[in-house]
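**Student:** This is the structure I want to talk about, given as C-alpha cells.
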Amino acid sequence: MAVAKYFDKSLLAGSAVLQGFDPAAFADVLEKHVVALSWDAESASSPPGRVALEMSVELLARLYPTLLLEARGEGADTFEAELAERAREINGLVSFADPGTATVRISLGYVEVSALSEAPTFHIGFDGWIARLSSTRPVAGGQGSNPFGAAVAACLGAANVFRHVFRAQLPAGEPDGEVEFSVLTLDPLEEEPSNPALMETDLGEAFLVGAGAVGSAAVWTLARVPGLSGKLHVIDPEKLDITNVQRYTGTAERDVDSVKVELAAATLAGSAVEVHPHPCSWGEFLHARGDWHLDRVAVAVDSARDRVHVQGALPRWVTNAWTQPGNVGISRHLFDGEEACLACLYMPESVQRSEDEIIASALGMSGRPALLRIRALLHRAAPLDEEFVRDAATCMGVDPDLLLGFVGQTLRKFYSGAVCSGMVMRMGGHAEAPRAEIPLAFQSAMAGVLLAAELVAEAGALRPVPLPTTTVMDLLRPLGTVLSAPTRKAGTGACICEDPDYLSVYRAKYFGALTASDGGRT
C-alpha cells in the first residue's frame, strides 16, 4: 500500500481545508482506510449506473491508496475488472483489499451492505437529471442514458467519504442525510425535481476555455451524453504534468506530457461532437480565428484575469465554473440586462500583487534586493544557478540538496515544481502556495459536471425559467437548501457591461445593427 506518485499535490489540497493539518498524519489517515465501492448487477448494466461507478473510481483512486471493489449479485462482476484496471491506470500504486475490510463505502443499487461489513455507507442513486444520496438506506437508480444525475451523485458520494475519513479535522463536515435534486434546477427543496427527457442536442459552435481539472471533467461528462452533436473548440496552452493527475478526471499517469486539448479531443473521439483542439491562449486563439462571433462559451480557467479577458470578447452567452477550498460554483451570463456579466464577478476589489511579489512571498525571500533578483529571472526566463536554489531552499526551511534538481530550470518551473506541487510541504518546509491550485478531485469534478450540464441545458433550451446568476455548493459540509442566487450588476459603471459602446457592439453582433448613440435600441 502506497500513496500515489502525485501525492504532494494532495497534501496541498488537504492543507487548504483541514484544521490542524500535518502532512505525515494526512498520509497516515489515508493509509489506514479501505474505501469500498459496492454495486449490483442492474447498476453495472445501465449506462448511468456505469457513469456513477466510473466517476466514483475516477475520484477515489486519485486519493485513497487502498480500495475494495464489491460486485454483488449475478452479473455484477462483469464490470469489476474494467474498474480495477482503470484504478491502476490512475494510480499505479493502488492496492485492493480483501472482502470485509472496508472502513467506509459508496454503494450503488440495492446492495445488502450489512452482509459486507459494518462500515459507514453512503448510498448514491440517480434518475436522469436527478441525483440522490442517503447515508441510511439504498436509493433508487434509474435507467435511460442521461449521465448528469449519476455523475453528480458520484461526486456527492466521494465528498461524503472524504468528510467521514477526515471528520476530526472538519468540524462542520458531518455527512449528508437525504439528498435529492435535479441538476437542471439545482434546488434541493423542489417537491418534484425537474427531469425532462434528454433529447438529441446540437451544441452549435461552442467553446471550452480551459482543459484543466474542471474542463477535463466537463469533457468526460459530455462524452457520455447520448445524441450530442455540434462543434466544440477546446482552448488551453498547457501540457499535463504529473501533479495534474491528482484531480483531472479522465487522465492517467500515462498521459503525463500530453497536450491537454489533445487529451480532450481523444476523450470525445467516440462521440458525434466535432472537436477542434487549440493548444494556445485565449488571446492567441481569437487572433488566429479572426471571427469573434462566439455563441456559447464555457469557462474553466484558474484566474480572474483570464475570465475577464473571455468576457471582453463579448460572447453571446457564457457559463463559468470554479473551485475554491470552501466551495464549488457555477454561473451563467448574458452581457445585456440587469444580471452581472462574468467580468462583474471578478472585478478586483484591491490592488493585486504582481507575479514577482507572489513568488518572492512564497519562497520567503523578503526585501527589495530579493524582489529585483526574482523580477530579473522572470523577465529573462533565465536558468537558475545553484546559488539561487540554495538560497530559496534555506528561506523555505528545507535541505537545499533536495532541490538541486531544479538548477538550470526557469524560476517559473521551480515555483511550480517545488511550491505549487507540494514538494516543499512534503519535505517539512514552509511555502505559500496559490489557493487556486489546490482543489480536491471531487470538487473539480463536480464543477466540471455542472459546467457540461449548463452547456447542454442552454443548447437544448431545457430550462423554461432561467436560473439565477450563480449557484454555489460547499462539498465539505452537508448540502444547503438554497444553492442559487441572483447577482446584479454593480451599477457603478466600473464594468464593461455598463459601457454603452460595449453594449452596442454586443447587441449588434447578436441582435442586429444597433448604435451607442441611440442607447443601443432600435
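If you're wondering about the labels, chains in the C-alpha cells are A, B, ... by order shown, residues count from 1 in each chain, ligands from 1 in order shown.
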Considering only C-alpha atoms, return as a list in words whatever protein or nucleic-acid residues lie within 9 Å of Glu357 in chain A, sequence-local ones (same chain, fewer than 3 positions apart) excluded.
**Tutor:**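 Here the qualifying residues turn out to be Arg353, Ser354, Ala360, Ser361, Ala362, Leu371, Ile374 and Arg375 of chain A.
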**Student:** Using the selection just defined, write its residues with N, CA and C atoms as a PDB file, in the first residue's frame.
**Tutor:**
ATOM      1  N   ARG A 353      -1.251  41.721  -6.130  1.00  0.00           N
ATOM      2  CA  ARG A 353       0.198  41.527  -6.139  1.00  0.00           C
ATOM      3  C   ARG A 353       0.664  41.080  -7.520  1.00  0.00           C
ATOM      4  N   SER A 354       1.840  41.527  -7.891  1.00  0.00           N
ATOM      5  CA  SER A 354       2.427  41.116  -9.164  1.00  0.00           C
ATOM      6  C   SER A 354       3.012  39.713  -9.030  1.00  0.00           C
ATOM      7  N   ALA A 360       8.124  35.802  -4.619  1.00  0.00           N
ATOM      8  CA  ALA A 360       9.023  36.173  -3.521  1.00  0.00           C
ATOM      9  C   ALA A 360       8.412  35.809  -2.180  1.00  0.00           C
ATOM     10  N   SER A 361       7.115  36.074  -2.012  1.00  0.00           N
ATOM     11  CA  SER A 361       6.444  35.744  -0.757  1.00  0.00           C
ATOM     12  C   SER A 361       6.392  34.244  -0.545  1.00  0.00           C
ATOM     13  N   ALA A 362       6.090  33.491  -1.596  1.00  0.00           N
ATOM     14  CA  ALA A 362       6.010  32.038  -1.470  1.00  0.00           C
ATOM     15  C   ALA A 362       7.349  31.426  -1.080  1.00  0.00           C
ATOM     16  N   LEU A 371      13.497  40.821  -4.351  1.00  0.00           N
ATOM     17  CA  LEU A 371      12.426  41.047  -5.310  1.00  0.00           C
ATOM     18  C   LEU A 371      12.985  41.400  -6.690  1.00  0.00           C
ATOM     19  N   ILE A 374      14.370  38.270  -8.345  1.00  0.00           N
ATOM     20  CA  ILE A 374      13.306  37.426  -8.876  1.00  0.00           C
ATOM     21  C   ILE A 374      12.699  38.044 -10.132  1.00  0.00           C
ATOM     22  N   ARG A 375      12.524  39.358 -10.114  1.00  0.00           N
ATOM     23  CA  ARG A 375      11.955  40.053 -11.269  1.00  0.00           C
ATOM     24  C   ARG A 375      12.848  39.865 -12.500  1.00  0.00           C
TER      25      ARG A 375
END
**Student:** Against range 207-223 of chain A, which residues of range 239-349 of chain A fall within 6 Å? For each one I want the closest pair of atoms and the distance in Å (one decimal), counting only C-alpha atoms, rows by chain and increasing residue number, as CSV.
**Tutor:**
residue,atom,partner,partner_atom,distance
A:Arg247,CA,A:Ala213,CA,5.9
A:Tyr248,CA,A:Ala213,CA,4.5
A:Thr249,CA,A:Ala217,CA,5.0
A:Lys260,CA,A:Ala211,CA,6.0
A:Leu268,CA,A:Ala223,CA,5.1
A:Val297,CA,A:Phe207,CA,4.6
A:Ala298,CA,A:Leu208,CA,4.8
A:Val299,CA,A:Val209,CA,5.0
A:Ala300,CA,A:Gly210,CA,4.8
A:Val301,CA,A:Gly210,CA,5.0
**Student:** Using only C-alpha atoms for the distances, tell me which of A:Gly312, A:Gly428, A:Gly49, A:Pro196 is nearest to Ala457 in chain A.
**Tutor:**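 Among the listed residues, the smallest separation from Ala457 in chain A belongs to A:Pro196.
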**Student:** Give me the residues near Gly14 in chain A as JSON, numbers by chain, where near means some atom within 12 Å (using only C-alpha atoms) and where sequence neighbours in that chain fewer than 4 positions away do not count.
**Tutor:** {"A": [7, 8, 9, 10, 18, 19, 20, 21, 22, 23, 24, 25, 26, 27, 29, 30, 63, 162, 163, 165, 166, 169, 170, 246, 325, 326, 422, 425, 435, 437, 438, 439, 440, 441, 476]}
**Student:** Measure the distance from CA of Gly142 in chain A to CA of Gly109 in chain A in Å and round it to one decimal.
**Tutor:**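 According to the coordinates, CA of Gly142 in chain A and CA of Gly109 in chain A are separated by 9.6 Å.
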**Student:** For the structure I just gave you, how does DSSP split range 269-465 of chain A - specifically, which residues are alpha helix (DSSP H)? Reply as number ranges by chain.
**Tutor:** A: 282-289, 304-312, 342-345, 355-363, 368-380, 386-396, 411-414, 423-426, 441-459
**Student:** Quick one, how far is CA of Thr481 in chain A from CA of Ala461 in chain A?
**Tutor:**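 Distance between the two atoms: 25.3 Å.
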